[in-house]
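Q: Once you've had a glance at the structure underneath, I'll fire off some questions.
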Amino acid sequence: MIKIVTIIGARPQIIKAAALSRAIKTKFSGKIKEVIIHTGQHYDKNMSNVFFNEMGIPEPDYNLGVGSGTHGRQTAAMIEKIEDILIKEKPAFVVLFGDTNSTLAGSVAAAKIHIPIAHIEAGLRSFNKSMP
């Protein structure tokens, strides 16, 4: 069985991860084990929990609860906690969505310990190139 780690933290990631989690559950349950890490970047019930409940996403195996903060502090806290989990779980690869602090933290943590990354969708939906 292949173990993957899916890292989510913001509402758009939760919604995108729902499709992947459903496919694993319905078509690959005997072949893929998904471990879900929720960074807690979006922690309000209306920005997070409601989507798990309404979209039938499995509860995260880990919730880092990082909450608000400056981009640097938030991302640093995520990197440290994600790295510990990746070392413990030893996944075949990490799945990341979009372009949030959670995505950046997951990619840095995985890359630094040589775990392959699968990245789904990135880019500005606003087409405003002045945005980071």
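Within each chain, counting starts at residue 1; across the structure tokens, chains are named A, B, ... in the order shown, with ligands numbered 1 upward in that order.
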Using only C-alpha atoms, which residues of segment 2-42 of chain A come within 12 Å of segment 71-91 of chain A, and what is the closest atom pair for each, with the distance in Å to one decimal? Give it as JSON lines, sorted by chain and residue number.
A:
{"residue": "A:Ile2", "atom": "CA", "partner": "A:Pro91", "partner_atom": "CA", "distance": 7.6}
{"residue": "A:Lys3", "atom": "CA", "partner": "A:Pro91", "partner_atom": "CA", "distance": 5.0}
{"residue": "A:Ile4", "atom": "CA", "partner": "A:Pro91", "partner_atom": "CA", "distance": 5.0}
{"residue": "A:Val5", "atom": "CA", "partner": "A:Pro91", "partner_atom": "CA", "distance": 6.1}
{"residue": "A:Thr6", "atom": "CA", "partner": "A:Pro91", "partner_atom": "CA", "distance": 9.8}
{"residue": "A:Ile7", "atom": "CA", "partner": "A:Ile82", "partner_atom": "CA", "distance": 8.7}
{"residue": "A:Ile8", "atom": "CA", "partner": "A:Met78", "partner_atom": "CA", "distance": 11.0}
{"residue": "A:Gly9", "atom": "CA", "partner": "A:Met78", "partner_atom": "CA", "distance": 9.9}
{"residue": "A:Ile32", "atom": "CA", "partner": "A:Pro91", "partner_atom": "CA", "distance": 10.6}
{"residue": "A:Lys33", "atom": "CA", "partner": "A:Pro91", "partner_atom": "CA", "distance": 9.3}
{"residue": "A:Glu34", "atom": "CA", "partner": "A:Pro91", "partner_atom": "CA", "distance": 9.1}
{"residue": "A:Val35", "atom": "CA", "partner": "A:Glu89", "partner_atom": "CA", "distance": 8.3}
{"residue": "A:Ile36", "atom": "CA", "partner": "A:Ile85", "partner_atom": "CA", "distance": 10.5}
{"residue": "A:Ile37", "atom": "CA", "partner": "A:Ile82", "partner_atom": "CA", "distance": 7.9}
{"residue": "A:His38", "atom": "CA", "partner": "A:Ile82", "partner_atom": "CA", "distance": 9.6}
{"residue": "A:Thr39", "atom": "CA", "partner": "A:Met78", "partner_atom": "CA", "distance": 6.5}
{"residue": "A:Gly40", "atom": "CA", "partner": "A:Met78", "partner_atom": "CA", "distance": 9.0}
{"residue": "A:Gln41", "atom": "CA", "partner": "A:Gln74", "partner_atom": "CA", "distance": 7.9}
{"residue": "A:His42", "atom": "CA", "partner": "A:Gln74", "partner_atom": "CA", "distance": 11.4}
Q: Mind checking DSSP for segment 20-118 of chain A and telling me the strand (DSSP E) residues as a ChimeraX atom specification?
A: /A:32-38,62-63,93-97,117-118
Q: Looking at A:Met1, A:Leu64, A:Ala10, A:Ile113, which one is nearest to Lys31 of chain A, with distances taken over only C-alpha atoms?
A: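 Answer, going by the shortest atom-to-atom distance: A:Met1.
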Q: Show me, as a PyMOL selection string, the residues that have an atom within 10 Å of Ser107 of chain A when counting only C-alpha atoms, minus same-chain residues fewer than 3 positions from it.
A: chain A and resi 7+79+82+94-96+101-104+110-112+115-119
Q: Which of segment 23-94 of chain A end up as alpha helix (DSSP H) when DSSP is run on this backbone - answer as number ranges by chain?
A: A: 23-27, 49-55, 71-89
Q: In Å to one decimal, how far is atom CA of Val66 of chain A from atom CA of Ile24 of chain A?
A: 27.1 Å
